[in-house]
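Here's the structure, in structure tokens; my notes come after.
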Amino acid sequence: MRHFKSLIRPYLVWSFLLIIIPLLLIVLYSVTTGGNSLLNIQFTLDNFKKIADPIYRQVFLRSLKIGLITTLICLLLGYTLAYVISGFRERTQTTLILFVTIPMWINTLLRTYAWISLLSDNGVINSFLNRLGIGRMSIMYTDFAVILGMVCDLLPFMVIPIHTALAKMDKSLIEASYDLGANRRQTFWKVTFKLSIPGVINGLTMVFLLSISTFVIPKLLGGGQYVLIGNLIEKQFISVGDWNFGSAISLILAVAILIMIWATKKIDTSEGGER
Amino acid sequence: MKKRKKGFPILYIVLCFLFFYVPILVMMVFSFNSSRSLTRFEGFSLHWYEQLLADSEIMGAVSVSVSIAALATIISTVLGTLTAIGLSKTRRVLKEWLLNVNNLPIMNPDIVTAIGLMILFSSMKFDKGYMTMLLSHVLFCTPYVITSVYPKVRQFDDSLANAAMDLGASPFQTLIKVIVPCIKPGIFAGMLLAFTMSFDDFVVSYFVTGNGVQNISIIVYNMTKRTNPTINALSTIVIVVILVALLIGNVVPMLANKKKNGRLKEEER
Amino acid sequence: MADMGDCIIELRGITKNFDDQQVLRGIDLNIYENQFLTLLGPSGCGKTTILRIIAGFEEPSKGELLFNGIDIAKVPPYKREINTVFQKYALFPFLNVYDNVAFGLNIKKVDKSVIHQKVQKMLSLVGLDGFEKRDVTLLSGGQQQRVAIARALVNEPKVLLLDEPLSALDAKLRKEMQGELKKIQQEVGITFIFVTHDQEEALSMSDTVVVMNDGKIQQIGTPVDIYNEPENRFVADFIGESNIIEGNMIRDCLVKFDGYEFECVDKGFKENEEIEVVLRPEDIEIVAPEQANLVGEIISSVFKGVHYELIVKTAQREYKIHTTDIHEVGKKVGMVLDKEDIHVMYKMDY
């Protein structure tokens, strides 16, 4: 087997060139000015200072708000769904979970596009409301539309880890709880929920991270004026051309997210260690 | 455990699944609509599919998506599998370092990976287009292949490789005839993941492409300004393709297992 | 004992280090054609490492490994005329019985009809006729064992290595396979190198036993020699049960321990050399106290199935004795020894 040690060499080179170097370039761009040419660069921290500008601060706060709301809704809907599914027979559970996962495999863009035809002013929902006599209402290009799209897109990421935690839970613990006189509500909060916390944390992180960095859903359902962090980055690179500022925002986003993942891993392992 | 009542659960699951699937189903239904309307179904027709096939721009995007996904899957599967095998024999420090680096593209937001590559390609003066897109897809697919193959490699019993060499197989023959068959489930899982990741990708492709090279996602993104039923037809086809791939990926191993278990029972008799 | 031919494998001064740890400390060993040789020792003694060096899975840190006089220490395993039966058999789970056995021949691109013939012959040698299409993962331990042996032997190696091949079987099956392995070895007429930590297995199957400890060879000899004439305390202790007593060699054929002189048959020690004496528990005879020098009191008696195990406490020590007679605890007894049953060994430095 020692013959196979050298097999990692190609990937070692590859990962250095295409993973490490691009990240270093983002760092380099974020602390320099001089446009997109490396020849006349100058070091500066202006790119980071610019973020404090109220216009951009607004964008960050809005992203955070939308991200948190999305995550919270996903938690409520997702936990309920995972819990409800875990009450079925094992084979039924597998099938139900398969149906939860299928949307994850389908292009986000197409799924979001599908929402447009439902939500738009002359879309399916509005014409339905119209026929009921309630009258049309503007759904597209609102916070509601964006959050709806995100929840639909990200809900599976919440359901799967929670269901995994619930499914691998030792059922005798619940029986023990009943046996010791706890009622259903007490058992749920003191046993079931506690044991599913690792799954909850996993789901929370994934949904939050994905919702805070997306730019497709806000663009399609929120319209051109709807700007979240992702859209801000996209603008810097595609239309404005200020790569340095774009890199600075990306760097902050990446670092924040990596720290969050690291922190949840820490919590996860320390929780595991207690047992 | 006490039997929970099934009334609310079933209702709730149905509602959630409606939430997931209604938009997709509406889109599929309207792809067969004879008129342009998105609210009234005015009769069955394959009009939009004809339009789709006649649209050279969309068909070009389809061929880009399919060929990039196929190539990226093949390359990343080979690269990822070899790396995973090598990793299990690597010193601890280097192994952990590489696994951490490998996790970066998985954990980083797509958009960060995308602009990193965009900056790299333009500072290297690479012509942005098909090749840069392919390289990028291999880049973000390989980590998924490694993460699904590596656990299988760790389960692999080294003495099987020793046995093969003991019986005269060269290291390469051992790799092909013994190691790969043993870790096949991981490789298939990785392939499936790589294919759908690549086929579904929008963010990375969007930033690293150029010179008019578009995949399906990019063309849909650019067309959303106006509702275009051709896109419904395209989506329907894409979703069916993905569903078939998933079916093959999930059902075939299940059937194989069943067959084996069936045989096991026969032996016991 | 089978007749042995020329020396086929020769280990000269082999050492092996893993990181900072030395697991082999200079091994010299000659292995002959048609020999059934067993490497015996506790786990971690280096016996498996020797096997892996001979197979080619490890390179020795120092020393030479000669195969028919040629150094093969750096030859990869797939170029050696040696095959191995692995501890947990290492059968390829994705191949059936036939394809497992045919693996080596397929690699060598042997003609299909020849492969068929050889595989069939080998399967009938190990008693698995009709098992060709079976899934190896569904076979019993004993059957898997046979497939592993067939898979190795079908390549007609000069030497077969067996790495604790019986350890995964239950006691009854193990006994059966011991006899069968010996029979197969005599039938195919090649060298078997067998690794085990089970002394009974080693003694009942081998022509030659190599007792190892701590990376060194302790003794090489026939099973009878190893049992009756252990060269040092480790061998005596490891092989069978024994009472080991420190003493002095007065002169040839006269040894003194526990205050008394005893006649023995050992020669060649220095006068008054400090030595150790091995007394096998079944060799000590119990007599009335007046008839013996060594006297003591029985402090425990445990029934072991065929015999009783008695512990007799004397002024100096406790003796372990195996006897088929019944003795009461608390009884005073004397112990006598036949001169052939007193085994004198060199004292080991610890």
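Identifiers in this document derive from the order of the structure tokens: chains are assigned A, B, ..., residues are numbered from 1 separately in each chain, and ligands are numbered from 1 in order of occurrence.
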
Q | DSSP alpha helix (DSSP H) selection over segment 4-222 of chain B, as a ChimeraX atom specification | A | /B:7-30,47-54,56-87,92-107,110-123,130-155,158-166,171-174,180-182,184-200,203-208,216-222

Give me, as an mmCIF file with N, CA, C and O atoms, in the first residue's frame, the residues of chain B touching chain C, with the criterion being at most 8 Å (counting only C-alpha atoms).
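Written file, part-v4.cif:
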data_model
loop_
_atom_site.group_PDB
_atom_site.id
_atom_site.type_symbol
_atom_site.label_atom_id
_atom_site.label_comp_id
_atom_site.auth_asym_id
_atom_site.auth_seq_id
_atom_site.Cartn_x
_atom_site.Cartn_y
_atom_site.Cartn_z
ATOM 1 N N ASP B 157 -9.711 -2.768 3.629
ATOM 2 C CA ASP B 157 -8.768 -3.592 4.375
ATOM 3 C C ASP B 157 -7.467 -3.700 3.573
ATOM 4 O O ASP B 157 -7.442 -4.293 2.498
ATOM 5 N N SER B 159 -5.056 -5.523 3.815
ATOM 6 C CA SER B 159 -4.550 -6.850 3.501
ATOM 7 C C SER B 159 -5.086 -7.350 2.157
ATOM 8 O O SER B 159 -4.479 -8.217 1.542
ATOM 9 N N LEU B 160 -6.210 -6.756 1.674
ATOM 10 C CA LEU B 160 -6.682 -7.142 0.341
ATOM 11 C C LEU B 160 -5.692 -6.683 -0.727
ATOM 12 O O LEU B 160 -5.414 -7.406 -1.675
ATOM 13 N N ASN B 162 -2.504 -6.138 -0.175
ATOM 14 C CA ASN B 162 -1.335 -6.998 0.004
ATOM 15 C C ASN B 162 -1.565 -8.353 -0.640
ATOM 16 O O ASN B 162 -0.669 -8.907 -1.285
ATOM 17 N N ALA B 163 -2.778 -8.884 -0.463
ATOM 18 C CA ALA B 163 -3.089 -10.196 -1.035
ATOM 19 C C ALA B 163 -2.947 -10.154 -2.552
ATOM 20 O O ALA B 163 -2.379 -11.061 -3.150
ATOM 21 N N ALA B 164 -3.456 -9.061 -3.163
ATOM 22 C CA ALA B 164 -3.372 -8.960 -4.619
ATOM 23 C C ALA B 164 -1.919 -8.941 -5.080
ATOM 24 O O ALA B 164 -1.537 -9.641 -6.018
ATOM 25 N N MET B 165 -1.087 -8.156 -4.381
ATOM 26 C CA MET B 165 0.321 -8.083 -4.785
ATOM 27 C C MET B 165 1.026 -9.403 -4.518
ATOM 28 O O MET B 165 1.886 -9.829 -5.271
ATOM 29 N N ASP B 166 0.624 -10.038 -3.422
ATOM 30 C CA ASP B 166 1.169 -11.342 -3.090
ATOM 31 C C ASP B 166 0.891 -12.341 -4.214
ATOM 32 O O ASP B 166 1.681 -13.222 -4.493
ATOM 33 N N LEU B 167 -0.269 -12.166 -4.868
ATOM 34 C CA LEU B 167 -0.657 -13.081 -5.940
ATOM 35 C C LEU B 167 -0.142 -12.616 -7.295
ATOM 36 O O LEU B 167 -0.546 -13.118 -8.327
ATOM 37 N N GLY B 168 0.717 -11.607 -7.276
ATOM 38 C CA GLY B 168 1.392 -11.228 -8.508
ATOM 39 C C GLY B 168 0.882 -9.975 -9.186
ATOM 40 O O GLY B 168 1.339 -9.626 -10.263
ATOM 41 N N ALA B 169 -0.076 -9.268 -8.584
ATOM 42 C CA ALA B 169 -0.597 -8.061 -9.215
ATOM 43 C C ALA B 169 0.331 -6.878 -8.949
ATOM 44 O O ALA B 169 0.779 -6.685 -7.822
ATOM 45 N N SER B 170 0.615 -6.106 -9.994
ATOM 46 C CA SER B 170 1.436 -4.904 -9.823
ATOM 47 C C SER B 170 0.600 -3.863 -9.081
ATOM 48 O O SER B 170 -0.619 -4.011 -8.975
ATOM 49 N N VAL B 178 -8.626 -4.483 -7.482
ATOM 50 C CA VAL B 178 -9.023 -4.757 -6.096
ATOM 51 C C VAL B 178 -9.530 -3.508 -5.380
ATOM 52 O O VAL B 178 -10.637 -3.490 -4.848
ATOM 53 N N PRO B 181 -12.819 -1.808 -7.177
ATOM 54 C CA PRO B 181 -14.074 -2.547 -6.927
ATOM 55 C C PRO B 181 -14.561 -2.431 -5.481
ATOM 56 O O PRO B 181 -15.766 -2.390 -5.241
ATOM 57 N N CYS B 182 -13.622 -2.355 -4.535
ATOM 58 C CA CYS B 182 -14.036 -2.300 -3.128
ATOM 59 C C CYS B 182 -14.628 -0.946 -2.750
ATOM 60 O O CYS B 182 -15.489 -0.866 -1.885
ATOM 61 N N LEU B 264 -28.446 -14.242 0.372
ATOM 62 C CA LEU B 264 -28.009 -14.569 1.730
ATOM 63 C C LEU B 264 -29.032 -15.480 2.391
ATOM 64 O O LEU B 264 -28.707 -16.486 2.998
ATOM 65 N N GLU B 267 -28.946 -18.960 1.106
ATOM 66 C CA GLU B 267 -27.832 -19.749 1.655
ATOM 67 C C GLU B 267 -28.207 -20.303 3.028
ATOM 68 O O GLU B 267 -27.841 -21.412 3.385
#

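Distance-wise, atom CA of Asn130 of chain A and atom CA of Trp115 of chain A end up 18.3 Å apart.
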
Could you produce a table of the residues of chain A lying within 6 Å of chain B, with the nearest pair of atoms per residue and their separation in Å rounded to one decimal, using only C-alpha atoms, ordered by chain and increasing residue number, as a Markdown table?
| residue | atom | partner | partner_atom | distance |
| --- | --- | --- | --- | --- |
| A:Phe4 | CA | B:Gly86 | CA | 5.2 |
| A:Lys5 | CA | B:Gly86 | CA | 4.7 |
| A:Leu7 | CA | B:Gly86 | CA | 4.7 |
| A:Ile8 | CA | B:Thr83 | CA | 4.5 |
| A:Pro22 | CA | B:Gly116 | CA | 4.4 |
| A:Leu23 | CA | B:Gly116 | CA | 5.8 |
| A:Ile26 | CA | B:Gly116 | CA | 5.9 |
| A:Val84 | CA | B:Pro9 | CA | 5.4 |
| A:Asn107 | CA | B:Asp200 | CA | 4.6 |
| A:Ala114 | CA | B:Pro23 | CA | 5.2 |
| A:Trp115 | CA | B:Pro23 | CA | 5.7 |
| A:Gly123 | CA | B:Thr39 | CA | 5.7 |
| A:Val124 | CA | B:Thr39 | CA | 4.9 |
| A:Glu175 | CA | B:Met1 | CA | 5.8 |
| A:Ser250 | CA | B:Val112 | CA | 5.8 |

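Among the candidates A:Val27, A:Leu258, A:Met158, A:Met150, the residue lying nearest to Phe48 of chain A is A:Val27 (atoms considered: only C-alpha atoms).
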
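Relative to atom CA of Asn243 of chain C, atom CA of Gly305 of chain C is found at 20.7 Å.
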
Q) Excluding same-chain residues fewer than 2 positions from Thr205 of chain A, what lies within 8 Å of it counting only C-alpha atoms, as a PyMOL selection string? A) chain A and resi 201-203+207-209+260-261+264

Could you please take those selected residues and save N, CA and C atoms as a PDB file, in the first residue's frame?
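Result saved to out-v7.pdb:
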ATOM      1  N   ILE A 201     -28.085  22.526  15.305  1.00  0.00           N
ATOM      2  CA  ILE A 201     -26.959  23.447  15.086  1.00  0.00           C
ATOM      3  C   ILE A 201     -26.439  23.323  13.657  1.00  0.00           C
ATOM      4  N   ASN A 202     -26.308  22.073  13.210  1.00  0.00           N
ATOM      5  CA  ASN A 202     -25.862  21.826  11.847  1.00  0.00           C
ATOM      6  C   ASN A 202     -26.770  22.503  10.834  1.00  0.00           C
ATOM      7  N   GLY A 203     -28.067  22.303  11.003  1.00  0.00           N
ATOM      8  CA  GLY A 203     -29.034  22.884  10.084  1.00  0.00           C
ATOM      9  C   GLY A 203     -29.009  24.395  10.121  1.00  0.00           C
ATOM     10  N   VAL A 207     -28.162  26.668   6.783  1.00  0.00           N
ATOM     11  CA  VAL A 207     -29.178  27.556   6.213  1.00  0.00           C
ATOM     12  C   VAL A 207     -28.736  29.008   6.296  1.00  0.00           C
ATOM     13  N   PHE A 208     -28.181  29.386   7.442  1.00  0.00           N
ATOM     14  CA  PHE A 208     -27.768  30.777   7.602  1.00  0.00           C
ATOM     15  C   PHE A 208     -26.659  31.134   6.601  1.00  0.00           C
ATOM     16  N   LEU A 209     -25.677  30.248   6.489  1.00  0.00           N
ATOM     17  CA  LEU A 209     -24.553  30.524   5.590  1.00  0.00           C
ATOM     18  C   LEU A 209     -25.021  30.654   4.154  1.00  0.00           C
ATOM     19  N   MET A 260     -17.643  31.001  11.825  1.00  0.00           N
ATOM     20  CA  MET A 260     -18.884  30.400  12.310  1.00  0.00           C
ATOM     21  C   MET A 260     -18.843  28.880  12.234  1.00  0.00           C
ATOM     22  N   ILE A 261     -18.339  28.366  11.112  1.00  0.00           N
ATOM     23  CA  ILE A 261     -18.268  26.906  10.956  1.00  0.00           C
ATOM     24  C   ILE A 261     -17.345  26.312  12.015  1.00  0.00           C
ATOM     25  N   THR A 264     -19.129  26.329  15.367  1.00  0.00           N
ATOM     26  CA  THR A 264     -20.147  25.276  15.528  1.00  0.00           C
ATOM     27  C   THR A 264     -19.485  23.916  15.686  1.00  0.00           C
TER      28      THR A 264
END

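For segment 187-198 of chain C, the set of protein, DNA and RNA residues having any atom at most 6 Å away, when counting only C-alpha atoms and skipping those fewer than 5 positions along the same chain, is Glu33, Asn34, Gln35, Phe36, Leu37, Thr38, Leu39, Leu40, Gly41, Pro42, Lys158, Val159, Leu160, Leu161, Leu162, Asp163 and Glu164 of chain C.
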
**Q.** Exercise: Asp252 of chain C partners within 10 Å, only C-alpha atoms, chain neighbours under 6 positions left out, as an MDAnalysis selection string
**A.** chainID C and resid 263:272

Q. Could you name the residues that touch Val336 of chain C at 8 Å or less, counting only C-alpha atoms, but leaving out those on the same chain fewer than 2 positions away, as JSON, numbers by chain?
A. {"C": [284, 285, 286, 287, 292, 293, 294, 334, 338]}

Mind dumping the selected residues with all heavy atoms as a compact mmCIF listing (two decimals), in the first residue's frame?
# COMPACT_ATOMS: atom_id res chain seq x y z
N ILE C 284 6.65 -34.10 38.22
CA ILE C 284 6.93 -34.19 39.66
C ILE C 284 6.04 -35.26 40.26
O ILE C 284 4.81 -35.24 40.08
CB ILE C 284 6.67 -32.82 40.34
CG1 ILE C 284 7.54 -31.73 39.70
CG2 ILE C 284 6.93 -32.93 41.85
CD1 ILE C 284 7.28 -30.34 40.23
N GLU C 285 6.68 -36.20 40.94
CA GLU C 285 5.90 -37.32 41.50
C GLU C 285 5.70 -37.10 42.98
O GLU C 285 6.61 -36.71 43.70
CB GLU C 285 6.66 -38.63 41.26
CG GLU C 285 5.79 -39.85 41.38
CD GLU C 285 6.62 -41.13 41.32
OE1 GLU C 285 7.73 -41.10 40.74
OE2 GLU C 285 6.16 -42.14 41.88
N ILE C 286 4.47 -37.35 43.43
CA ILE C 286 4.16 -37.15 44.84
C ILE C 286 4.33 -38.46 45.61
O ILE C 286 3.84 -39.51 45.19
CB ILE C 286 2.73 -36.61 45.00
CG1 ILE C 286 2.69 -35.22 44.37
CG2 ILE C 286 2.29 -36.63 46.46
CD1 ILE C 286 1.65 -34.31 44.90
N VAL C 287 5.09 -38.40 46.70
CA VAL C 287 5.32 -39.58 47.53
C VAL C 287 5.08 -39.23 48.99
O VAL C 287 4.79 -38.07 49.31
CB VAL C 287 6.78 -40.10 47.35
CG1 VAL C 287 6.98 -40.63 45.93
CG2 VAL C 287 7.77 -39.00 47.68
N ALA C 292 11.27 -38.50 50.52
CA ALA C 292 11.82 -37.47 49.64
C ALA C 292 12.55 -36.40 50.43
O ALA C 292 12.33 -36.22 51.62
CB ALA C 292 10.70 -36.83 48.84
N ASN C 293 13.46 -35.70 49.72
CA ASN C 293 14.11 -34.55 50.32
C ASN C 293 13.19 -33.35 50.32
O ASN C 293 13.07 -32.63 51.31
CB ASN C 293 15.38 -34.19 49.56
CG ASN C 293 16.48 -35.21 49.83
OD1 ASN C 293 16.52 -35.80 50.91
ND2 ASN C 293 17.34 -35.41 48.85
N LEU C 294 12.57 -33.14 49.14
CA LEU C 294 11.69 -31.98 49.02
C LEU C 294 10.36 -32.29 49.68
O LEU C 294 9.67 -33.21 49.26
CB LEU C 294 11.44 -31.67 47.54
CG LEU C 294 12.53 -30.95 46.75
CD1 LEU C 294 12.14 -30.88 45.27
CD2 LEU C 294 12.75 -29.55 47.31
N GLY C 334 5.86 -35.44 50.01
CA GLY C 334 7.22 -35.32 49.49
C GLY C 334 7.18 -35.35 47.97
O GLY C 334 6.20 -35.79 47.38
N ASP C 338 12.67 -37.56 38.52
CA ASP C 338 13.51 -38.41 37.70
C ASP C 338 14.64 -37.56 37.14
O ASP C 338 14.44 -36.39 36.86
CB ASP C 338 12.64 -38.93 36.54
CG ASP C 338 12.85 -40.41 36.33
OD1 ASP C 338 13.34 -41.07 37.27
OD2 ASP C 338 12.52 -40.88 35.23

Q: Taking the DSSP assignment computed from this structure's backbone, write out as a ChimeraX atom specification all residues of segment 112-324 of chain C that belong to strand (DSSP E).
A: /C:159-163,191-196,208-213,216-221,243-251,254-257,260-263,274-279,285-287,294-303,308-313,318-323
